[in-house]
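What follows is the content of data-v4.cif, which has mmCIF, C-alpha atoms and all ligand atoms:
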```
data_upload
#
loop_
_atom_site.label_atom_id
_atom_site.label_comp_id
_atom_site.auth_asym_id
_atom_site.auth_seq_id
_atom_site.Cartn_x
_atom_site.Cartn_y
_atom_site.Cartn_z
CA MET J 1 0.00 0.00 0.00
CA ASP J 2 1.17 3.52 -0.80
CA LYS J 3 0.81 4.75 2.79
CA ALA J 4 2.60 8.09 2.28
CA GLY J 5 0.44 8.76 -0.76
CA ALA J 6 -2.75 8.07 1.21
CA ILE J 7 -1.65 10.38 4.04
CA ASP J 8 -0.66 13.16 1.60
CA ARG J 9 -3.94 12.82 -0.22
CA PHE J 10 -5.92 13.05 3.02
CA LEU J 11 -4.04 16.13 4.22
CA GLY J 12 -4.36 17.73 0.81
CA ARG J 13 -8.13 17.29 0.71
CA ILE J 14 -9.34 17.60 4.26
CA ASP J 15 -9.85 21.35 4.08
CA GLN J 16 -12.26 20.93 1.17
CA PHE J 17 -14.71 19.12 3.50
CA ARG J 18 -17.10 21.04 5.75
CA GLN J 19 -16.90 18.29 8.34
CA ILE J 20 -15.24 14.88 8.63
CA ALA J 21 -16.81 13.63 11.87
CA LEU J 22 -19.42 11.60 9.97
CA VAL J 23 -18.23 10.23 6.63
CA THR J 24 -19.55 7.87 3.96
CA ASP J 25 -17.75 5.08 2.06
CA GLU J 26 -17.50 7.40 -0.93
CA GLU J 27 -15.96 10.19 1.13
CA MET J 28 -13.39 7.74 2.56
CA THR J 29 -12.24 7.00 -0.98
CA GLN J 30 -12.23 10.69 -1.84
CA LEU J 31 -10.12 11.42 1.24
CA PHE J 32 -7.68 8.49 1.22
CA GLY J 33 -7.79 7.18 -2.35
CA GLY J 34 -8.99 3.99 -4.00
CA GLU J 35 -6.41 1.66 -2.47
CA VAL J 36 -7.53 2.47 1.06
CA GLY J 37 -11.20 2.47 0.05
CA GLN J 38 -10.96 -0.98 -1.55
CA SER J 39 -8.98 -2.38 1.39
CA LEU J 40 -11.61 -1.16 3.85
CA ALA J 41 -14.37 -2.65 1.74
CA GLN J 42 -12.53 -5.99 1.65
CA LEU J 43 -12.09 -6.03 5.43
CA GLU J 44 -15.68 -5.06 6.06
CA ARG J 45 -16.90 -7.85 3.75
CA PHE J 46 -14.76 -10.33 5.65
CA ALA J 47 -15.99 -9.10 9.04
CA THR J 48 -19.62 -9.14 7.90
CA GLU J 49 -19.47 -12.58 6.28
CA ASN J 50 -17.95 -14.02 9.45
CA ARG J 51 -20.30 -12.07 11.75
CA MET J 52 -17.29 -10.83 13.71
CA CYS J 53 -18.53 -7.45 14.90
CA ALA J 54 -22.19 -8.58 14.95
CA ASP J 55 -21.45 -11.46 17.31
CA CYS J 56 -19.07 -9.39 19.43
CA GLY J 57 -21.74 -6.74 19.99
CA GLY J 58 -19.39 -3.76 19.70
CA VAL J 59 -17.00 -4.22 22.62
CA CYS J 60 -14.64 -1.59 21.17
CA CYS J 61 -17.52 0.91 20.83
CA ARG J 62 -18.43 0.38 24.47
CA ASP J 63 -14.82 0.59 25.68
CA ILE J 64 -14.13 3.84 23.88
CA GLY J 65 -17.18 5.43 25.52
CA CYS J 66 -19.07 6.16 22.32
CA GLU J 67 -22.25 8.11 23.10
CA LEU J 68 -24.11 6.19 20.38
CA TYR J 69 -23.35 2.73 21.76
CA ALA J 70 -26.07 0.60 23.28
CA ALA J 71 -25.63 -3.14 23.78
CA GLN J 72 -29.06 -3.67 22.23
CA PHE J 73 -28.00 -2.40 18.77
CA SER J 74 -27.01 -5.15 16.33
CA GLN J 75 -24.58 -2.76 14.62
CA CYS J 76 -23.49 0.86 14.75
CA PRO J 77 -26.68 2.95 14.51
CA ILE J 78 -24.96 5.37 12.10
CA HIS J 79 -23.09 2.68 10.18
CA GLU J 80 -23.49 4.44 6.80
CA CYS J 81 -21.64 7.53 7.99
CA ARG J 82 -19.62 6.39 10.99
CA PRO J 83 -16.40 8.25 11.84
CA ILE J 84 -13.02 7.67 10.22
CA ALA J 85 -11.53 6.19 13.41
CA CYS J 86 -14.32 3.57 13.54
CA ARG J 87 -13.77 2.66 9.90
CA MET J 88 -10.03 2.22 10.35
CA HIS J 89 -10.17 0.26 13.59
CA PHE J 90 -9.87 -3.51 13.36
CA CYS J 91 -9.28 -5.49 16.51
CA ARG J 92 -7.26 -8.68 16.82
CA ARG J 93 -10.23 -10.84 15.94
CA LEU J 94 -9.77 -9.65 12.37
CA ASP J 95 -6.00 -10.22 12.26
CA ASP J 96 -6.20 -13.55 10.48
CA PRO J 97 -5.79 -13.46 7.47
CA TYR J 98 -5.46 -9.66 7.11
CA ARG J 99 -2.89 -8.72 9.70
CA SER J 100 -0.44 -6.93 7.38
CA LEU J 101 -3.25 -4.99 5.67
CA ILE J 102 -4.65 -3.93 9.03
CA ILE J 103 -1.22 -2.71 10.14
CA GLU J 104 -0.87 -0.68 6.94
CA LEU J 105 -4.27 0.94 7.44
CA ARG J 106 -3.39 1.68 11.04
CA ASP J 107 -0.15 3.35 9.87
CA VAL J 108 -2.14 5.56 7.50
CA PHE J 109 -4.52 6.56 10.27
CA VAL J 110 -1.72 7.27 12.75
CA GLY J 111 0.17 9.29 10.11
CA CYS J 112 -2.88 11.51 9.60
CA TYR J 113 -3.57 11.69 13.33
CA ARG J 114 -0.05 12.90 14.08
CA ALA J 115 -0.56 15.83 11.72
CA MET J 116 -2.96 17.22 14.35
CA ASP J 117 0.09 18.51 16.23
CA PHE J 118 0.94 21.03 13.53
CA TRP J 119 -2.28 21.38 11.50
CA PRO J 120 -3.82 24.86 11.36
CA GLY J 121 -7.53 24.91 12.13
CA ALA J 122 -9.74 22.44 13.92
CA SER J 123 -10.75 20.09 11.11
CA LEU J 124 -8.32 17.31 12.04
CA ARG J 125 -9.72 17.15 15.59
CA SER J 126 -12.47 15.01 14.12
CA LEU J 127 -10.00 12.12 13.85
CA ASP J 128 -10.28 11.93 17.63
CA THR J 129 -13.96 10.98 17.29
CA PRO J 130 -15.62 8.99 18.92
CA PRO J 131 -16.50 9.98 21.58
CA PHE J 132 -18.31 12.81 19.80
CA GLY J 133 -18.65 15.26 22.70
CA GLU J 134 -15.69 17.49 21.79
CA VAL J 135 -16.25 17.70 18.06
CA CYS J 136 -20.04 17.71 17.64
CA PRO J 137 -21.67 18.17 21.06
CA ARG J 138 -24.97 19.51 19.67
CA PHE J 139 -25.40 16.47 17.46
CA VAL J 140 -24.80 14.17 20.42
CA ALA J 141 -27.20 16.16 22.60
CA ALA J 142 -29.87 15.83 19.91
CA VAL J 143 -29.62 12.04 19.58
CA ALA J 144 -28.72 11.07 23.16
CA PRO J 145 -32.36 10.68 24.28
CA TRP J 146 -32.89 7.91 21.71
CA VAL J 147 -29.73 6.07 22.73
CA ASN J 148 -30.58 6.38 26.42
CA ALA J 149 -34.09 5.07 25.78
CA VAL J 150 -32.64 2.01 24.02
CA ARG J 151 -30.21 1.43 26.88
CA GLN J 152 -33.08 1.60 29.36
CA GLY J 153 -35.24 -0.72 27.27
CA SER J 154 -38.02 1.80 26.64
CA LEU J 155 -37.38 2.14 22.88
CA ALA J 156 -36.87 -0.66 20.33
CA PRO J 157 -33.34 -0.67 18.88
CA GLY J 158 -34.70 -0.93 15.33
CA THR J 159 -36.88 2.16 15.78
CA ALA J 160 -34.05 4.16 17.37
CA GLY J 161 -31.52 2.95 14.80
CA GLY J 162 -33.67 4.25 11.94
CA GLY J 163 -34.08 7.59 13.69
CA LEU J 164 -30.38 7.87 14.44
CA GLY J 165 -29.45 7.07 10.85
CA ARG J 166 -31.79 9.81 9.60
CA ALA J 167 -30.51 12.24 12.25
CA ALA J 168 -26.92 11.62 11.14
CA ALA J 169 -27.86 12.20 7.50
CA ASN J 170 -29.68 15.43 8.47
CA TYR J 171 -26.69 16.58 10.49
CA ARG J 172 -24.38 15.95 7.53
CA ARG J 173 -26.66 18.04 5.27
CA TYR J 174 -26.79 20.79 7.88
CA ARG J 175 -22.97 20.93 8.18
CA ALA J 176 -22.55 20.72 4.39
CA SER J 177 -24.47 24.00 4.20
CA GLY J 178 -21.64 25.63 6.14
CA LYS J 179 -23.33 25.95 9.52
CA PRO J 180 -21.46 25.06 12.73
CA ASP J 181 -22.31 22.36 15.25
CA SER J 182 -22.82 25.06 17.90
CA GLU J 183 -26.04 26.25 16.17
CA TYR J 184 -27.45 22.80 15.46
CA SER J 185 -30.79 21.66 16.83
CA ARG J 186 -32.82 18.70 15.67
S1 LIG Y 201 -13.67 -4.46 15.86
FE1 LIG Y 201 -13.43 -6.20 17.27
S2 LIG Y 201 -14.07 -5.43 19.30
FE2 LIG Y 201 -14.85 -4.01 17.73
S3 LIG Y 201 -16.96 -4.69 17.29
FE3 LIG Y 201 -15.59 -5.66 15.77
S4 LIG Y 201 -15.03 -7.65 16.64
FE4 LIG Y 201 -15.86 -6.38 18.32
S1 LIG Y 202 -19.88 5.58 16.01
FE1 LIG Y 202 -18.13 4.19 16.03
S2 LIG Y 202 -17.77 3.71 18.20
FE2 LIG Y 202 -19.85 4.60 18.02
S3 LIG Y 202 -21.22 2.85 17.81
FE3 LIG Y 202 -20.66 3.53 15.73
S4 LIG Y 202 -18.87 2.28 15.14
FE4 LIG Y 202 -19.13 2.13 17.38
#
```

Render the structure in this file as structure tokens.
Amino acid sequence: MDKAGAIDRFLGRIDQFRQIALVTDEEMTQLFGGEVGQSLAQLERFATENRMCADCGGVCCRDIGCELYAAQFSQCPIHECRPIACRMHFCRRLDDPYRSLIIELRDVFVGCYRAMDFWPGASLRSLDTPPFGEVCPRFVAAVAPWVNAVRQGSLAPGTAGGGLGRAAANYRRYRASGKPDSEYSR
């Protein structure tokens, strides 16, 4: 993998995006290039076919303190536009047979993450998401009642998941119009 090329591409394009806290598959390829995009798709296929994350129930999401995690969800409730860090995280259960590819992707992520130390502006802070509280607190405040209701068993995960997916898509549209998180309300 051309790791340096992927990092350069990301740093060269990031400022063209209004926000990179919630990103799609297509945006991942735009940001990191086709090699990274195809590798991520390959790993996700493997994980899905073998029910790795589904059967695990999202231990890494829980451990990182993600505000959108509830044990009752069968997968990330904003799977279509989950953050970059979530997309580039693969735990040891996925090491075999993709260990070297996972290490390469991790190197790309860490290379971009390190640029935070010298990057002008706040856009790169989104690589530190989740948790979401620092980067998009108004979005989290808007969706937290749904997640809490699922955790408490008063709302069906399927119902909440649909609502959270739509809320994430709405938030992306709102940010794409140039407005800041600080003025967001659902
Ligand atoms: S990456 Fe690993 S810990 Fe995280 S949900 Fe998937 S299998 Fe579980
Ligand atoms: S946003 Fe990331 S950490 Fe949170 S539930 Fe989704 S995949 Fe897990």

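Among the candidate residues J:Ser154, J:Gln19, J:Asn50, J:Ser123, the one lying nearest to Lys179 (chain J) is J:Gln19, with distances computed using only C-alpha atoms.
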
Against ligand LIG 201 (chain Y), which residues of chain J fall within 12 Å? For each one I want the closest pair of atoms and the distance in Å (one decimal), counting only C-alpha atoms and all ligand atoms, rows by chain and increasing residue number, as a Markdown table.
```
| residue | atom | partner | partner_atom | distance |
| --- | --- | --- | --- | --- |
| J:Leu43 | CA | Y:LIG201 | S1 | 10.7 |
| J:Glu44 | CA | Y:LIG201 | FE3 | 9.7 |
| J:Phe46 | CA | Y:LIG201 | FE3 | 11.2 |
| J:Ala47 | CA | Y:LIG201 | FE3 | 7.6 |
| J:Thr48 | CA | Y:LIG201 | FE3 | 9.5 |
| J:Asn50 | CA | Y:LIG201 | S4 | 10.0 |
| J:Arg51 | CA | Y:LIG201 | S4 | 8.4 |
| J:Met52 | CA | Y:LIG201 | S4 | 4.9 |
| J:Cys53 | CA | Y:LIG201 | FE3 | 3.6 |
| J:Ala54 | CA | Y:LIG201 | S3 | 6.9 |
| J:Asp55 | CA | Y:LIG201 | S4 | 7.5 |
| J:Cys56 | CA | Y:LIG201 | FE4 | 4.5 |
| J:Gly57 | CA | Y:LIG201 | S3 | 5.9 |
| J:Gly58 | CA | Y:LIG201 | S3 | 3.5 |
| J:Val59 | CA | Y:LIG201 | S2 | 4.6 |
| J:Cys60 | CA | Y:LIG201 | FE2 | 4.2 |
| J:Cys61 | CA | Y:LIG201 | FE2 | 6.4 |
| J:Arg62 | CA | Y:LIG201 | FE2 | 8.8 |
| J:Asp63 | CA | Y:LIG201 | S2 | 8.8 |
| J:Ile64 | CA | Y:LIG201 | FE2 | 10.0 |
| J:Cys66 | CA | Y:LIG201 | FE2 | 11.9 |
| J:Tyr69 | CA | Y:LIG201 | S3 | 10.8 |
| J:Ala71 | CA | Y:LIG201 | S3 | 10.9 |
| J:Phe73 | CA | Y:LIG201 | S3 | 11.4 |
| J:Ser74 | CA | Y:LIG201 | S3 | 10.1 |
| J:Gln75 | CA | Y:LIG201 | S3 | 8.3 |
| J:Cys76 | CA | Y:LIG201 | S3 | 8.9 |
| J:His79 | CA | Y:LIG201 | S3 | 11.9 |
| J:Ala85 | CA | Y:LIG201 | S1 | 11.1 |
| J:Cys86 | CA | Y:LIG201 | S1 | 8.4 |
| J:Arg87 | CA | Y:LIG201 | S1 | 9.3 |
| J:Met88 | CA | Y:LIG201 | S1 | 9.4 |
| J:His89 | CA | Y:LIG201 | S1 | 6.3 |
| J:Phe90 | CA | Y:LIG201 | S1 | 4.6 |
| J:Cys91 | CA | Y:LIG201 | FE1 | 4.3 |
| J:Arg92 | CA | Y:LIG201 | FE1 | 6.7 |
| J:Arg93 | CA | Y:LIG201 | FE1 | 5.8 |
| J:Leu94 | CA | Y:LIG201 | FE1 | 7.0 |
| J:Asp95 | CA | Y:LIG201 | FE1 | 9.8 |
| J:Ile102 | CA | Y:LIG201 | S1 | 11.3 |
```

Taking 2 positions as the minimum chain separation for residues in the same chain, which residues sit within 8 Å of region 107-119 of chain J when counting only C-alpha atoms? Answer as a PDB file with C-alpha atoms, in the frame of the given file.
```
ATOM      1  CA  LYS J   3       0.810   4.750   2.790  1.00  0.00           C
ATOM      2  CA  ALA J   4       2.600   8.090   2.280  1.00  0.00           C
ATOM      3  CA  ALA J   6      -2.750   8.070   1.210  1.00  0.00           C
ATOM      4  CA  ILE J   7      -1.650  10.380   4.040  1.00  0.00           C
ATOM      5  CA  PHE J  10      -5.920  13.050   3.020  1.00  0.00           C
ATOM      6  CA  LEU J  11      -4.040  16.130   4.220  1.00  0.00           C
ATOM      7  CA  ALA J  85     -11.530   6.190  13.410  1.00  0.00           C
ATOM      8  CA  MET J  88     -10.030   2.220  10.350  1.00  0.00           C
ATOM      9  CA  ILE J 103      -1.220  -2.710  10.140  1.00  0.00           C
ATOM     10  CA  GLU J 104      -0.870  -0.680   6.940  1.00  0.00           C
ATOM     11  CA  LEU J 105      -4.270   0.940   7.440  1.00  0.00           C
ATOM     12  CA  GLY J 121      -7.530  24.910  12.130  1.00  0.00           C
ATOM     13  CA  ALA J 122      -9.740  22.440  13.920  1.00  0.00           C
ATOM     14  CA  LEU J 124      -8.320  17.310  12.040  1.00  0.00           C
ATOM     15  CA  ARG J 125      -9.720  17.150  15.590  1.00  0.00           C
ATOM     16  CA  LEU J 127     -10.000  12.120  13.850  1.00  0.00           C
ATOM     17  CA  ASP J 128     -10.280  11.930  17.630  1.00  0.00           C
TER      18      ASP J 128
END
```

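With distances restricted to only C-alpha atoms, J:Glu67 is the closest residue to Arg151 (chain J) from J:Glu49, J:Glu67, J:Glu183, J:Glu134.
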
For Ser100 (chain J), which residue out of J:Gln72, J:Gln152, J:Thr159, J:Ser39 is the nearest one, using all atoms listed in the file? J:Ser39

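The interatomic distance for the pair CA of Gly12 (chain J) and CA of Pro120 (chain J) works out to 12.7 Å.
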
CA of Gln16 (chain J) and CA of Gly33 (chain J), how far apart in Å? 14.9 Å

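Between CA of Ala21 (chain J) and CA of Thr129 (chain J) the separation is 6.7 Å.
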
Give me the residues within 12 Å of region 162-173 of chain J as JSON, numbers by chain, counting all atoms listed in the file and dropping any in the same chain fewer than 5 places off. {"J": [17, 18, 19, 20, 21, 22, 23, 24, 67, 68, 69, 73, 75, 76, 77, 78, 79, 80, 81, 82, 83, 136, 137, 138, 139, 140, 141, 142, 143, 144, 145, 146, 147, 150, 155, 156, 157, 178, 179, 180, 181, 182, 183, 184, 185, 186]}

C-alpha atoms of region 112-158 of chain J, written as a PDB file, in the first residue's frame:
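Writing the result to selection-v2.pdb gives the following:
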```
ATOM      1  CA  CYS J 112      -2.883  11.507   9.600  1.00  0.00           C
ATOM      2  CA  TYR J 113      -3.569  11.690  13.331  1.00  0.00           C
ATOM      3  CA  ARG J 114      -0.051  12.898  14.076  1.00  0.00           C
ATOM      4  CA  ALA J 115      -0.564  15.831  11.720  1.00  0.00           C
ATOM      5  CA  MET J 116      -2.957  17.220  14.346  1.00  0.00           C
ATOM      6  CA  ASP J 117       0.086  18.515  16.232  1.00  0.00           C
ATOM      7  CA  PHE J 118       0.937  21.030  13.533  1.00  0.00           C
ATOM      8  CA  TRP J 119      -2.281  21.384  11.496  1.00  0.00           C
ATOM      9  CA  PRO J 120      -3.825  24.865  11.355  1.00  0.00           C
ATOM     10  CA  GLY J 121      -7.533  24.913  12.131  1.00  0.00           C
ATOM     11  CA  ALA J 122      -9.738  22.441  13.925  1.00  0.00           C
ATOM     12  CA  SER J 123     -10.755  20.090  11.109  1.00  0.00           C
ATOM     13  CA  LEU J 124      -8.315  17.312  12.040  1.00  0.00           C
ATOM     14  CA  ARG J 125      -9.715  17.149  15.590  1.00  0.00           C
ATOM     15  CA  SER J 126     -12.473  15.012  14.123  1.00  0.00           C
ATOM     16  CA  LEU J 127      -9.997  12.123  13.846  1.00  0.00           C
ATOM     17  CA  ASP J 128     -10.282  11.928  17.633  1.00  0.00           C
ATOM     18  CA  THR J 129     -13.961  10.985  17.294  1.00  0.00           C
ATOM     19  CA  PRO J 130     -15.623   8.995  18.923  1.00  0.00           C
ATOM     20  CA  PRO J 131     -16.496   9.979  21.579  1.00  0.00           C
ATOM     21  CA  PHE J 132     -18.308  12.814  19.804  1.00  0.00           C
ATOM     22  CA  GLY J 133     -18.650  15.259  22.697  1.00  0.00           C
ATOM     23  CA  GLU J 134     -15.693  17.490  21.787  1.00  0.00           C
ATOM     24  CA  VAL J 135     -16.249  17.698  18.060  1.00  0.00           C
ATOM     25  CA  CYS J 136     -20.038  17.706  17.640  1.00  0.00           C
ATOM     26  CA  PRO J 137     -21.675  18.166  21.060  1.00  0.00           C
ATOM     27  CA  ARG J 138     -24.974  19.508  19.668  1.00  0.00           C
ATOM     28  CA  PHE J 139     -25.404  16.472  17.463  1.00  0.00           C
ATOM     29  CA  VAL J 140     -24.796  14.171  20.424  1.00  0.00           C
ATOM     30  CA  ALA J 141     -27.203  16.159  22.605  1.00  0.00           C
ATOM     31  CA  ALA J 142     -29.866  15.832  19.912  1.00  0.00           C
ATOM     32  CA  VAL J 143     -29.616  12.041  19.581  1.00  0.00           C
ATOM     33  CA  ALA J 144     -28.715  11.072  23.159  1.00  0.00           C
ATOM     34  CA  PRO J 145     -32.364  10.679  24.283  1.00  0.00           C
ATOM     35  CA  TRP J 146     -32.886   7.910  21.713  1.00  0.00           C
ATOM     36  CA  VAL J 147     -29.727   6.067  22.735  1.00  0.00           C
ATOM     37  CA  ASN J 148     -30.582   6.377  26.421  1.00  0.00           C
ATOM     38  CA  ALA J 149     -34.095   5.066  25.778  1.00  0.00           C
ATOM     39  CA  VAL J 150     -32.638   2.010  24.023  1.00  0.00           C
ATOM     40  CA  ARG J 151     -30.205   1.428  26.885  1.00  0.00           C
ATOM     41  CA  GLN J 152     -33.084   1.600  29.358  1.00  0.00           C
ATOM     42  CA  GLY J 153     -35.243  -0.725  27.270  1.00  0.00           C
ATOM     43  CA  SER J 154     -38.022   1.796  26.636  1.00  0.00           C
ATOM     44  CA  LEU J 155     -37.385   2.135  22.876  1.00  0.00           C
ATOM     45  CA  ALA J 156     -36.873  -0.664  20.328  1.00  0.00           C
ATOM     46  CA  PRO J 157     -33.336  -0.672  18.878  1.00  0.00           C
ATOM     47  CA  GLY J 158     -34.703  -0.927  15.334  1.00  0.00           C
TER      48      GLY J 158
END
```
